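Everything below concerns the one structure shown next.
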Amino acid sequence: MAESQGAIAVGIDDVTKLYGNFTALSDVSLAIHDNEFFTLLGPSGCGKTTLLRCIAGFEDISKGAIRLYGDNIADLPPNHRPVNTVFQQYALFPHMDVTRNVMFGLLRLGRSETEARARAGEVLELVRLSEFADRMPAHLSGGQQQRVALARALVPNPKVLLLDEPLSALDLKLRQAVRLELQQLQHETGITFIFVTHDQEEALTMSDRIAVISDGVVQQVGSARDIYEEPDNRFVADFIGETNLIEVSVAEVAGDNAVCTLPGGTRFACPAARGAHSGQGHLSVRPERVSLVDPSEALLTGTVTRLIYLGTDMHVDLALADGEPVTARVQNSSQTTIPAMGETVGLNFEEGAARLLVD
Amino acid sequence: MMAKKPDLRRFPGFLPLTVLCVFLLYAPLIIVAVYSFNDSPSITLWGGVSLRWYEDVFWGPESDKFKQAAINSFVIAVAAASTATVIATMAATAMLRAGSFRGKGASFALINLPLMVPEIVTAVATLIFFSAIGFTTGILTILIAHIVFCIPFAYLPIAARMEGIEDVYEQAAQDLYATRWEAFRLILLPLMTPGILSGFLLAFIISLDDFIITNFVKGAGVETLPTAIFGAVKQGIKPNIMAISTLLLAVSILFVTLSYFSGRMGQNRK
């Protein structure tokens, strides 16, 4: 079997999912690689969980195919798919202790009681829960329950592990610790992880690649760096991190580059996303890439409307001549001079810091 | 400021009304229970405390008749409640776990309709039905009739419990390679146990003290406790009837209490 590095573990081919008249997923295609930490990121209701449930087999798809190492599994019931799920609310069986919860999958696969118990012990050790093996789920903390859910899903050694917002029920401190653990676990086990979250920070810190989903459509697939630095469209630029969307008129798009006119009339050349076209468009410029300069040497000028002190940074909100808001994030160092409220300042950014988007 | 919570006791006439209701509901029961320990053969004059009427029930001249009736009642109640519980569990699973299907609303109405139909109508109709298909009335006809009217009573607590169990547990089981049957047997059924037990006990008590339908379909010579008591009362109320009634009341209270606690059991577990 071709399970070498780089093989496609899960292939989503043109999957559409309809609920009556509502399109939950629209022609979604993704190729998730073997041994990859892949994240489905999007706002709630965007279809990311639906997609995960289609892979697990809890939802039928209306059109398309779902391939697991080449085999179409779209018509198989969940118990015939070699993938396991960590549920958002964990769904630990409340009438079974931790060990029996973890053994469950192995017993269903026909392993002996002794073997299942031994394997459960090993995996509980892996998630550092050995001392809680006899506890009932109700007597565990949220973090411990989360680890039991993880152990239970890992113990049958699935080809792909599906994680449905598994950290959302944990408090912030724990969530940050568990992120690192999950990433490490993925490396140790070599299992492909498909992780669903609405939390961009979670997605950016853990994932090898991220698919940004909105309204049932995949907006962009790429590494954390790709989707932050080179967003394809307005949704992605706006959803991932903070950005300034500056309205421009585009004179020309040639390959990856565009020439456009900024508000105020300055002509500006910058990289363009695939699919960007001439006419009206938006540039995305991250606040930390905007520098404040003297108005005479600036691309844009604006009036300071608000100053927010953030310790290491200063947020400077400005209004352009036409009233459009722009934010600059200025490092709080001794070299920078912080403008005053109402002051007119110049704004500059490098060519590479701006990107013409697909609207 | 928060609005003051309305105090029930401040409603005019609350106290007398409450006393009246409680009195009408429970005074007769209390009188029967107290007079079952009466030493006198009169049902109105108090002659001191004694257990003679209980002795009379168990060892007196009519004891054989009552014993047989009690055995019939218990056998029918156990069999009817068990069968009704199985059917109600299957019905609840279909209603709550099979997604939506054609005729779901109609099915729900059909399951619960027997609660709405006047019992006397059901009794007459059942009798006509049995005689139309040439069924000899007897213990079997009582049993069939009891199974039928016990189903909605068993269904209510079972369905209530099942509604409270999210289907994510069964999904997790199937995700971990359980078949649908295994997910039902190993996950849903154990989680349902308190509801099923509660449904069984409720059906049991409903069957145990049913009179109207039983009286219509029992046939000659077959008696259950309620029909035997009714038969005895027709010949005049003797204190031994009070003793039997008190015993039946005690059994009912016991089972209703068990049903209540088994319904609550496991709710704390989540």
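Chain identifiers are assigned as A, B, and so on, following the order in which chains appear in the structure tokens; residues are numbered from 1 within each chain, and ligands are numbered from 1 in order of appearance.
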
Problem set entry | Spatial neighbours of Ile111 in chain B, 9 Å, only C-alpha atoms, chain gap at least 5 places, as a VMD selection string | chain B and resid 88 91 106 151 to 152 155

Residues of range 20-170 of chain B in helix (DSSP H, G or I), written as a short mmCIF file (atom, residue, chain, number, x, y, z; two decimals) with N, CA and C atoms, in the first residue's frame:
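Wrote it out as part32.cif, contents follow:
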data_model
loop_
_atom_site.label_atom_id
_atom_site.label_comp_id
_atom_site.auth_asym_id
_atom_site.auth_seq_id
_atom_site.Cartn_x
_atom_site.Cartn_y
_atom_site.Cartn_z
N LEU B 20 -59.32 21.11 51.90
CA LEU B 20 -60.44 20.38 51.33
C LEU B 20 -59.97 19.30 50.35
N CYS B 21 -59.07 19.69 49.43
CA CYS B 21 -58.57 18.75 48.43
C CYS B 21 -57.87 17.58 49.08
N VAL B 22 -56.96 17.91 49.99
CA VAL B 22 -56.19 16.85 50.65
C VAL B 22 -57.14 15.93 51.41
N PHE B 23 -58.14 16.54 52.05
CA PHE B 23 -59.10 15.75 52.81
C PHE B 23 -59.86 14.79 51.90
N LEU B 24 -60.39 15.34 50.79
CA LEU B 24 -61.18 14.50 49.88
C LEU B 24 -60.33 13.38 49.27
N LEU B 25 -59.07 13.71 48.99
CA LEU B 25 -58.20 12.73 48.35
C LEU B 25 -57.79 11.61 49.31
N TYR B 26 -57.43 12.03 50.51
CA TYR B 26 -56.75 11.06 51.36
C TYR B 26 -57.54 10.55 52.56
N ALA B 27 -58.59 11.30 52.97
CA ALA B 27 -59.33 10.85 54.14
C ALA B 27 -59.92 9.45 53.95
N PRO B 28 -60.57 9.17 52.79
CA PRO B 28 -61.12 7.82 52.63
C PRO B 28 -60.04 6.74 52.73
N LEU B 29 -58.90 7.01 52.12
CA LEU B 29 -57.82 6.02 52.16
C LEU B 29 -57.35 5.79 53.60
N ILE B 30 -57.23 6.89 54.32
CA ILE B 30 -56.75 6.78 55.70
C ILE B 30 -57.77 6.02 56.54
N ILE B 31 -59.05 6.31 56.32
CA ILE B 31 -60.10 5.62 57.09
C ILE B 31 -60.06 4.12 56.81
N VAL B 32 -59.94 3.77 55.50
CA VAL B 32 -59.87 2.35 55.15
C VAL B 32 -58.67 1.70 55.81
N ALA B 33 -57.51 2.37 55.73
CA ALA B 33 -56.29 1.79 56.30
C ALA B 33 -56.45 1.63 57.81
N VAL B 34 -57.02 2.64 58.47
CA VAL B 34 -57.16 2.57 59.93
C VAL B 34 -58.16 1.47 60.31
N TYR B 35 -59.30 1.44 59.62
CA TYR B 35 -60.35 0.49 59.99
C TYR B 35 -59.99 -0.95 59.62
N ARG B 52 -57.09 -9.21 63.12
CA ARG B 52 -57.95 -10.35 62.80
C ARG B 52 -58.38 -10.37 61.34
N TRP B 53 -58.57 -9.17 60.74
CA TRP B 53 -59.04 -9.15 59.35
C TRP B 53 -57.92 -9.52 58.38
N TYR B 54 -56.70 -9.22 58.80
CA TYR B 54 -55.57 -9.68 57.97
C TYR B 54 -55.45 -11.19 58.06
N GLU B 55 -55.67 -11.70 59.28
CA GLU B 55 -55.69 -13.16 59.46
C GLU B 55 -56.77 -13.77 58.58
N ASP B 56 -57.93 -13.09 58.60
CA ASP B 56 -59.06 -13.57 57.82
C ASP B 56 -58.72 -13.62 56.32
N VAL B 57 -57.98 -12.59 55.85
CA VAL B 57 -57.61 -12.54 54.43
C VAL B 57 -56.73 -13.72 54.07
N PHE B 58 -55.76 -14.01 54.95
CA PHE B 58 -54.79 -15.05 54.60
C PHE B 58 -55.25 -16.45 54.96
N TRP B 59 -56.05 -16.57 56.05
CA TRP B 59 -56.40 -17.92 56.48
C TRP B 59 -57.89 -18.16 56.66
N SER B 63 -60.13 -17.08 51.97
CA SER B 63 -58.72 -16.86 51.64
C SER B 63 -58.31 -17.52 50.33
N ASP B 64 -58.85 -18.70 50.04
CA ASP B 64 -58.47 -19.38 48.80
C ASP B 64 -58.83 -18.55 47.57
N LYS B 65 -60.03 -17.99 47.63
CA LYS B 65 -60.50 -17.16 46.52
C LYS B 65 -59.57 -15.96 46.32
N PHE B 66 -59.24 -15.29 47.44
CA PHE B 66 -58.38 -14.10 47.33
C PHE B 66 -56.96 -14.46 46.92
N LYS B 67 -56.47 -15.60 47.43
CA LYS B 67 -55.12 -16.02 47.06
C LYS B 67 -55.03 -16.25 45.55
N GLN B 68 -56.01 -16.97 45.02
CA GLN B 68 -56.01 -17.25 43.58
C GLN B 68 -56.08 -15.95 42.78
N ALA B 69 -56.94 -15.04 43.26
CA ALA B 69 -57.08 -13.76 42.57
C ALA B 69 -55.77 -12.97 42.61
N ALA B 70 -55.10 -13.02 43.79
CA ALA B 70 -53.84 -12.30 43.93
C ALA B 70 -52.78 -12.89 43.00
N ILE B 71 -52.74 -14.23 42.94
CA ILE B 71 -51.76 -14.88 42.04
C ILE B 71 -52.03 -14.47 40.60
N ASN B 72 -53.32 -14.55 40.19
CA ASN B 72 -53.68 -14.13 38.83
C ASN B 72 -53.21 -12.70 38.56
N SER B 73 -53.52 -11.81 39.51
CA SER B 73 -53.18 -10.41 39.34
C SER B 73 -51.67 -10.24 39.14
N PHE B 74 -50.88 -10.89 40.00
CA PHE B 74 -49.43 -10.72 39.91
C PHE B 74 -48.86 -11.33 38.63
N VAL B 75 -49.34 -12.51 38.27
CA VAL B 75 -48.84 -13.15 37.05
C VAL B 75 -49.15 -12.27 35.84
N ILE B 76 -50.41 -11.80 35.79
CA ILE B 76 -50.80 -10.94 34.66
C ILE B 76 -50.00 -9.64 34.66
N ALA B 77 -49.84 -9.04 35.84
CA ALA B 77 -49.13 -7.77 35.92
C ALA B 77 -47.67 -7.92 35.48
N VAL B 78 -47.02 -9.00 35.93
CA VAL B 78 -45.61 -9.21 35.55
C VAL B 78 -45.51 -9.45 34.04
N ALA B 79 -46.36 -10.34 33.54
CA ALA B 79 -46.28 -10.67 32.11
C ALA B 79 -46.65 -9.48 31.25
N ALA B 80 -47.74 -8.78 31.63
CA ALA B 80 -48.19 -7.65 30.82
C ALA B 80 -47.17 -6.51 30.87
N ALA B 81 -46.65 -6.23 32.06
CA ALA B 81 -45.69 -5.13 32.18
C ALA B 81 -44.40 -5.44 31.43
N SER B 82 -43.94 -6.70 31.51
CA SER B 82 -42.70 -7.07 30.80
C SER B 82 -42.89 -6.90 29.30
N THR B 83 -43.98 -7.48 28.78
CA THR B 83 -44.21 -7.40 27.33
C THR B 83 -44.38 -5.96 26.89
N ALA B 84 -45.18 -5.20 27.66
CA ALA B 84 -45.42 -3.80 27.30
C ALA B 84 -44.12 -3.00 27.34
N THR B 85 -43.24 -3.31 28.29
CA THR B 85 -41.97 -2.59 28.40
C THR B 85 -41.09 -2.85 27.18
N VAL B 86 -41.05 -4.12 26.75
CA VAL B 86 -40.25 -4.45 25.56
C VAL B 86 -40.80 -3.69 24.34
N ILE B 87 -42.12 -3.74 24.18
CA ILE B 87 -42.73 -3.07 23.03
C ILE B 87 -42.51 -1.56 23.12
N ALA B 88 -42.68 -1.00 24.32
CA ALA B 88 -42.51 0.45 24.50
C ALA B 88 -41.07 0.87 24.23
N THR B 89 -40.11 0.05 24.64
CA THR B 89 -38.69 0.37 24.39
C THR B 89 -38.42 0.39 22.89
N MET B 90 -38.96 -0.61 22.21
CA MET B 90 -38.77 -0.66 20.75
C MET B 90 -39.44 0.56 20.09
N ALA B 91 -40.64 0.88 20.58
CA ALA B 91 -41.36 2.03 20.00
C ALA B 91 -40.58 3.32 20.23
N ALA B 92 -40.06 3.49 21.45
CA ALA B 92 -39.30 4.71 21.76
C ALA B 92 -38.05 4.79 20.89
N THR B 93 -37.39 3.66 20.70
CA THR B 93 -36.18 3.64 19.86
C THR B 93 -36.53 4.07 18.43
N ALA B 94 -37.64 3.55 17.93
CA ALA B 94 -38.05 3.92 16.58
C ALA B 94 -38.41 5.40 16.51
N MET B 95 -39.13 5.87 17.52
CA MET B 95 -39.59 7.26 17.49
C MET B 95 -38.44 8.24 17.66
N LEU B 96 -37.46 7.90 18.48
CA LEU B 96 -36.43 8.87 18.85
C LEU B 96 -35.08 8.63 18.21
N ARG B 97 -34.87 7.45 17.62
CA ARG B 97 -33.54 7.16 17.11
C ARG B 97 -33.52 6.80 15.63
N LYS B 104 -44.62 9.40 11.31
CA LYS B 104 -44.06 9.50 12.65
C LYS B 104 -45.05 10.14 13.62
N GLY B 105 -45.68 11.23 13.15
CA GLY B 105 -46.67 11.91 13.98
C GLY B 105 -47.84 11.01 14.30
N ALA B 106 -48.30 10.28 13.29
CA ALA B 106 -49.41 9.35 13.49
C ALA B 106 -49.02 8.25 14.47
N SER B 107 -47.76 7.77 14.36
CA SER B 107 -47.30 6.72 15.27
C SER B 107 -47.33 7.21 16.70
N PHE B 108 -46.86 8.45 16.88
CA PHE B 108 -46.83 9.01 18.23
C PHE B 108 -48.24 9.07 18.80
N ALA B 109 -49.19 9.53 17.97
CA ALA B 109 -50.59 9.62 18.42
C ALA B 109 -51.13 8.23 18.76
N LEU B 110 -50.81 7.24 17.90
CA LEU B 110 -51.34 5.89 18.13
C LEU B 110 -50.80 5.28 19.41
N ILE B 111 -49.52 5.59 19.70
CA ILE B 111 -48.93 5.03 20.92
C ILE B 111 -49.63 5.60 22.16
N ASN B 112 -49.93 6.90 22.11
CA ASN B 112 -50.45 7.56 23.31
C ASN B 112 -51.97 7.65 23.38
N LEU B 113 -52.64 7.31 22.28
CA LEU B 113 -54.09 7.42 22.23
C LEU B 113 -54.80 6.66 23.35
N PRO B 114 -54.37 5.45 23.66
CA PRO B 114 -55.07 4.69 24.71
C PRO B 114 -55.21 5.46 26.01
N LEU B 115 -54.32 6.45 26.25
CA LEU B 115 -54.44 7.26 27.46
C LEU B 115 -55.66 8.17 27.40
N GLU B 119 -61.89 4.46 29.29
CA GLU B 119 -61.56 3.07 29.51
C GLU B 119 -62.74 2.15 29.23
N ILE B 120 -63.92 2.64 29.55
CA ILE B 120 -65.11 1.81 29.35
C ILE B 120 -65.30 1.50 27.87
N VAL B 121 -64.94 2.47 27.00
CA VAL B 121 -65.06 2.26 25.55
C VAL B 121 -64.07 1.18 25.11
N THR B 122 -62.84 1.32 25.59
CA THR B 122 -61.84 0.30 25.27
C THR B 122 -62.31 -1.07 25.76
N ALA B 123 -62.90 -1.11 26.94
CA ALA B 123 -63.33 -2.38 27.53
C ALA B 123 -64.39 -3.04 26.66
N VAL B 124 -65.39 -2.26 26.30
CA VAL B 124 -66.48 -2.81 25.47
C VAL B 124 -65.92 -3.25 24.12
N ALA B 125 -65.11 -2.37 23.53
CA ALA B 125 -64.57 -2.67 22.21
C ALA B 125 -63.71 -3.93 22.25
N THR B 126 -62.91 -4.06 23.30
CA THR B 126 -62.04 -5.24 23.41
C THR B 126 -62.88 -6.51 23.53
N LEU B 127 -63.92 -6.42 24.35
CA LEU B 127 -64.80 -7.60 24.51
C LEU B 127 -65.43 -7.98 23.18
N ILE B 128 -65.96 -6.98 22.46
CA ILE B 128 -66.58 -7.25 21.17
C ILE B 128 -65.56 -7.86 20.21
N PHE B 129 -64.35 -7.29 20.25
CA PHE B 129 -63.29 -7.79 19.37
C PHE B 129 -62.99 -9.27 19.65
N PHE B 130 -62.82 -9.59 20.92
CA PHE B 130 -62.49 -10.98 21.26
C PHE B 130 -63.61 -11.93 20.85
N SER B 131 -64.85 -11.51 21.09
CA SER B 131 -65.94 -12.44 20.74
C SER B 131 -66.10 -12.52 19.22
N ALA B 132 -65.80 -11.41 18.52
CA ALA B 132 -65.91 -11.43 17.06
C ALA B 132 -64.92 -12.41 16.44
N ILE B 139 -57.91 -16.00 31.18
CA ILE B 139 -56.73 -15.29 31.65
C ILE B 139 -55.92 -14.71 30.47
N LEU B 140 -55.96 -15.41 29.31
CA LEU B 140 -55.20 -14.95 28.14
C LEU B 140 -55.76 -13.64 27.60
N THR B 141 -57.09 -13.53 27.56
CA THR B 141 -57.69 -12.28 27.06
C THR B 141 -57.37 -11.12 28.01
N ILE B 142 -57.37 -11.40 29.32
CA ILE B 142 -56.99 -10.33 30.27
C ILE B 142 -55.57 -9.88 29.96
N LEU B 143 -54.68 -10.88 29.77
CA LEU B 143 -53.28 -10.57 29.54
C LEU B 143 -53.10 -9.70 28.30
N ILE B 144 -53.74 -10.11 27.20
CA ILE B 144 -53.60 -9.34 25.95
C ILE B 144 -54.11 -7.92 26.14
N ALA B 145 -55.28 -7.79 26.76
CA ALA B 145 -55.84 -6.46 26.98
C ALA B 145 -54.92 -5.61 27.85
N HIS B 146 -54.34 -6.23 28.88
CA HIS B 146 -53.45 -5.49 29.77
C HIS B 146 -52.18 -5.03 29.06
N ILE B 147 -51.60 -5.93 28.24
CA ILE B 147 -50.40 -5.54 27.49
C ILE B 147 -50.69 -4.28 26.69
N VAL B 148 -51.85 -4.28 26.02
CA VAL B 148 -52.18 -3.16 25.14
C VAL B 148 -52.28 -1.85 25.91
N PHE B 149 -53.05 -1.86 27.03
CA PHE B 149 -53.20 -0.55 27.68
C PHE B 149 -51.99 -0.18 28.54
N CYS B 150 -51.10 -1.13 28.80
CA CYS B 150 -49.87 -0.81 29.55
C CYS B 150 -48.82 -0.11 28.69
N ILE B 151 -48.89 -0.32 27.36
CA ILE B 151 -47.83 0.21 26.49
C ILE B 151 -47.61 1.72 26.67
N PRO B 152 -48.67 2.55 26.59
CA PRO B 152 -48.40 4.00 26.74
C PRO B 152 -47.82 4.37 28.10
N PHE B 153 -48.23 3.64 29.13
CA PHE B 153 -47.70 3.95 30.46
C PHE B 153 -46.22 3.60 30.56
N ALA B 154 -45.83 2.50 29.94
CA ALA B 154 -44.41 2.14 29.92
C ALA B 154 -43.64 3.08 29.01
N TYR B 155 -44.31 3.51 27.93
CA TYR B 155 -43.64 4.35 26.92
C TYR B 155 -43.20 5.70 27.50
N LEU B 156 -44.05 6.31 28.31
CA LEU B 156 -43.79 7.68 28.76
C LEU B 156 -42.44 7.85 29.47
N PRO B 157 -42.19 7.10 30.56
CA PRO B 157 -40.87 7.28 31.21
C PRO B 157 -39.70 6.82 30.34
N ILE B 158 -39.93 5.80 29.52
CA ILE B 158 -38.84 5.29 28.67
C ILE B 158 -38.46 6.35 27.63
N ALA B 159 -39.48 6.93 26.98
CA ALA B 159 -39.20 7.95 25.97
C ALA B 159 -38.59 9.20 26.60
N ALA B 160 -39.09 9.54 27.80
CA ALA B 160 -38.55 10.73 28.48
C ALA B 160 -37.06 10.54 28.75
N ARG B 161 -36.72 9.33 29.19
CA ARG B 161 -35.31 9.05 29.47
C ARG B 161 -34.48 9.08 28.18
N MET B 162 -35.01 8.46 27.13
CA MET B 162 -34.24 8.37 25.90
C MET B 162 -34.02 9.75 25.29
N GLU B 163 -35.02 10.62 25.44
CA GLU B 163 -34.87 11.98 24.93
C GLU B 163 -33.72 12.70 25.61
N VAL B 168 -24.96 11.30 20.60
CA VAL B 168 -23.52 11.31 20.36
C VAL B 168 -22.84 10.08 20.97
N TYR B 169 -23.44 9.51 22.03
CA TYR B 169 -22.83 8.32 22.64
C TYR B 169 -22.89 7.14 21.67
N GLU B 170 -24.05 6.98 21.01
CA GLU B 170 -24.16 5.89 20.05
C GLU B 170 -23.26 6.15 18.84
#

For this session: Kindly provide, as a PyMOL selection string, the residues of chain A having any atom no farther than 6 Å from an atom of chain B, counting only C-alpha atoms.
Result: chain A and resi 78-79+84+91+105+108

For this session: Could you check how far CA of Val358 in chain A sits from CA of Cys46 in chain A, in Å to one decimal?
Result: 19.4 Å

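The interatomic distance for the pair CA of Ile210 in chain A and CA of Asp226 in chain A works out to 9.2 Å.
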
Exercise. What is the CA of Asp39 in chain B to CA of Ala250 in chain B distance in Å?
Worked result: 20.5 Å

For this session: Using only C-alpha atoms, find the one residue out of A:Cys270, A:Val330, A:Leu25, A:Ala9 that sits nearest to Gly352 in chain A.
Result: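 Closest to Gly352 in chain A of all the choices is A:Cys270.
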
Problem set entry | Residues near range 125-134 of chain A, cut-off 10 Å, only C-alpha atoms, skip fewer than 5 positions along chain, as a ChimeraX atom specification | /A:96-102,119-120,139-140,144-148,150-151,181-182,185

Write the residues of the selection above to a file with N, CA and C atoms, as a PDB file, in the first residue's frame.
ATOM      1  N   MET A  96     -19.256   3.530  31.935  1.00  0.00           N
ATOM      2  CA  MET A  96     -18.043   2.706  31.902  1.00  0.00           C
ATOM      3  C   MET A  96     -16.885   3.492  32.497  1.00  0.00           C
ATOM      4  N   ASP A  97     -15.983   2.804  33.191  1.00  0.00           N
ATOM      5  CA  ASP A  97     -14.832   3.506  33.737  1.00  0.00           C
ATOM      6  C   ASP A  97     -13.853   3.833  32.599  1.00  0.00           C
ATOM      7  N   VAL A  98     -12.788   4.536  32.945  1.00  0.00           N
ATOM      8  CA  VAL A  98     -11.852   5.023  31.936  1.00  0.00           C
ATOM      9  C   VAL A  98     -11.285   3.865  31.093  1.00  0.00           C
ATOM     10  N   THR A  99     -10.848   2.803  31.769  1.00  0.00           N
ATOM     11  CA  THR A  99     -10.261   1.680  31.043  1.00  0.00           C
ATOM     12  C   THR A  99     -11.256   1.064  30.074  1.00  0.00           C
ATOM     13  N   ARG A 100     -12.497   0.862  30.532  1.00  0.00           N
ATOM     14  CA  ARG A 100     -13.495   0.227  29.652  1.00  0.00           C
ATOM     15  C   ARG A 100     -13.842   1.142  28.476  1.00  0.00           C
ATOM     16  N   ASN A 101     -13.850   2.435  28.722  1.00  0.00           N
ATOM     17  CA  ASN A 101     -14.050   3.376  27.626  1.00  0.00           C
ATOM     18  C   ASN A 101     -12.966   3.198  26.570  1.00  0.00           C
ATOM     19  N   VAL A 102     -11.722   3.128  27.036  1.00  0.00           N
ATOM     20  CA  VAL A 102     -10.592   3.057  26.108  1.00  0.00           C
ATOM     21  C   VAL A 102     -10.550   1.686  25.409  1.00  0.00           C
ATOM     22  N   ARG A 119      -3.359  -2.921  25.941  1.00  0.00           N
ATOM     23  CA  ARG A 119      -3.205  -1.789  25.021  1.00  0.00           C
ATOM     24  C   ARG A 119      -3.782  -0.505  25.631  1.00  0.00           C
ATOM     25  N   ALA A 120      -4.938  -0.658  26.280  1.00  0.00           N
ATOM     26  CA  ALA A 120      -5.558   0.503  26.923  1.00  0.00           C
ATOM     27  C   ALA A 120      -4.613   1.082  27.965  1.00  0.00           C
ATOM     28  N   HIS A 139     -16.188  11.635  37.242  1.00  0.00           N
ATOM     29  CA  HIS A 139     -15.277  12.021  38.315  1.00  0.00           C
ATOM     30  C   HIS A 139     -13.936  12.521  37.797  1.00  0.00           C
ATOM     31  N   LEU A 140     -13.907  12.943  36.533  1.00  0.00           N
ATOM     32  CA  LEU A 140     -12.679  13.482  35.957  1.00  0.00           C
ATOM     33  C   LEU A 140     -12.884  14.960  35.633  1.00  0.00           C
ATOM     34  N   GLN A 144      -8.908  16.021  31.862  1.00  0.00           N
ATOM     35  CA  GLN A 144      -8.720  14.563  31.929  1.00  0.00           C
ATOM     36  C   GLN A 144      -9.696  13.855  30.991  1.00  0.00           C
ATOM     37  N   GLN A 145     -10.942  14.332  30.972  1.00  0.00           N
ATOM     38  CA  GLN A 145     -11.923  13.728  30.061  1.00  0.00           C
ATOM     39  C   GLN A 145     -11.461  13.857  28.619  1.00  0.00           C
ATOM     40  N   GLN A 146     -10.895  15.012  28.320  1.00  0.00           N
ATOM     41  CA  GLN A 146     -10.415  15.252  26.970  1.00  0.00           C
ATOM     42  C   GLN A 146      -9.327  14.242  26.610  1.00  0.00           C
ATOM     43  N   ARG A 147      -8.453  13.948  27.567  1.00  0.00           N
ATOM     44  CA  ARG A 147      -7.374  12.986  27.299  1.00  0.00           C
ATOM     45  C   ARG A 147      -7.901  11.563  27.197  1.00  0.00           C
ATOM     46  N   VAL A 148      -8.955  11.253  27.958  1.00  0.00           N
ATOM     47  CA  VAL A 148      -9.562   9.921  27.820  1.00  0.00           C
ATOM     48  C   VAL A 148     -10.162   9.781  26.414  1.00  0.00           C
ATOM     49  N   LEU A 150      -9.232  11.245  23.791  1.00  0.00           N
ATOM     50  CA  LEU A 150      -8.114  11.122  22.869  1.00  0.00           C
ATOM     51  C   LEU A 150      -7.561   9.689  22.892  1.00  0.00           C
ATOM     52  N   ALA A 151      -7.382   9.163  24.099  1.00  0.00           N
ATOM     53  CA  ALA A 151      -6.855   7.804  24.240  1.00  0.00           C
ATOM     54  C   ALA A 151      -7.800   6.800  23.597  1.00  0.00           C
ATOM     55  N   GLU A 181       0.713  19.376  23.373  1.00  0.00           N
ATOM     56  CA  GLU A 181       0.626  17.931  23.558  1.00  0.00           C
ATOM     57  C   GLU A 181       0.066  17.254  22.316  1.00  0.00           C
ATOM     58  N   LEU A 182      -0.978  17.857  21.757  1.00  0.00           N
ATOM     59  CA  LEU A 182      -1.609  17.268  20.575  1.00  0.00           C
ATOM     60  C   LEU A 182      -0.621  17.189  19.418  1.00  0.00           C
ATOM     61  N   LEU A 185       1.846  14.515  20.100  1.00  0.00           N
ATOM     62  CA  LEU A 185       1.211  13.212  19.947  1.00  0.00           C
ATOM     63  C   LEU A 185       1.103  12.843  18.469  1.00  0.00           C
TER      64      LEU A 185
END

Exercise. Gly48 in chain B: which residues within 7 Å, counting only C-alpha atoms, same-chain residues fewer than 2 positions away excluded, as a PyMOL selection string?
Worked result: chain B and resi 38-39+46+50

Write to file, as a short mmCIF file (atom, residue, chain, number, x, y, z; two decimals), in the first residue's frame, the residues of the selection just made, with C-alpha atoms.
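Written out: out35.cif:
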data_model
loop_
_atom_site.label_atom_id
_atom_site.label_comp_id
_atom_site.auth_asym_id
_atom_site.auth_seq_id
_atom_site.Cartn_x
_atom_site.Cartn_y
_atom_site.Cartn_z
CA ASN B 38 -60.40 -2.68 63.65
CA ASP B 39 -61.26 -5.52 66.00
CA TRP B 46 -64.23 1.12 66.41
CA SER B 50 -56.32 -6.13 66.00
#

Problem set entry | All residues 8 Å or closer to Val86 in chain A, only C-alpha atoms, same chain fewer than 2 positions away omitted, as an MDAnalysis selection string | chainID A and resid 84 88 90 149:150 153 161:164 166

Could those selected residues go to a file with N, CA, C and O atoms, as a compact mmCIF listing (two decimals), in the first residue's frame?
# COMPACT_ATOMS: atom_id res chain seq x y z
N ASN A 84 -11.14 7.38 13.54
CA ASN A 84 -11.78 7.58 14.84
C ASN A 84 -11.91 9.06 15.13
O ASN A 84 -11.18 9.88 14.57
N GLN A 88 -16.51 16.85 20.30
CA GLN A 88 -16.40 18.15 20.96
C GLN A 88 -16.69 18.05 22.45
O GLN A 88 -15.99 18.61 23.27
N TYR A 90 -16.65 15.22 24.01
CA TYR A 90 -15.95 13.97 24.35
C TYR A 90 -16.80 12.72 24.24
O TYR A 90 -16.31 11.68 23.84
N ALA A 149 -10.84 10.83 25.98
CA ALA A 149 -11.45 10.81 24.64
C ALA A 149 -10.37 10.60 23.59
O ALA A 149 -10.54 9.84 22.63
N LEU A 150 -9.23 11.25 23.79
CA LEU A 150 -8.11 11.12 22.87
C LEU A 150 -7.56 9.69 22.89
O LEU A 150 -7.34 9.08 21.84
N ALA A 153 -9.86 7.23 21.19
CA ALA A 153 -9.85 7.32 19.73
C ALA A 153 -8.53 6.84 19.14
O ALA A 153 -8.48 6.40 17.99
N LEU A 161 -7.20 10.41 12.46
CA LEU A 161 -7.90 10.83 13.66
C LEU A 161 -8.63 12.13 13.38
O LEU A 161 -8.05 13.09 12.88
N LEU A 162 -9.93 12.15 13.67
CA LEU A 162 -10.74 13.34 13.45
C LEU A 162 -10.98 14.02 14.79
O LEU A 162 -11.39 13.36 15.74
N LEU A 163 -10.70 15.31 14.87
CA LEU A 163 -10.88 16.02 16.13
C LEU A 163 -11.83 17.19 15.93
O LEU A 163 -11.53 18.11 15.18
N ASP A 164 -12.98 17.12 16.60
CA ASP A 164 -14.02 18.13 16.42
C ASP A 164 -13.95 19.15 17.57
O ASP A 164 -14.53 18.93 18.62
N PRO A 166 -11.84 19.86 19.90
CA PRO A 166 -11.70 19.16 21.18
C PRO A 166 -11.22 20.05 22.31
O PRO A 166 -11.28 19.66 23.47
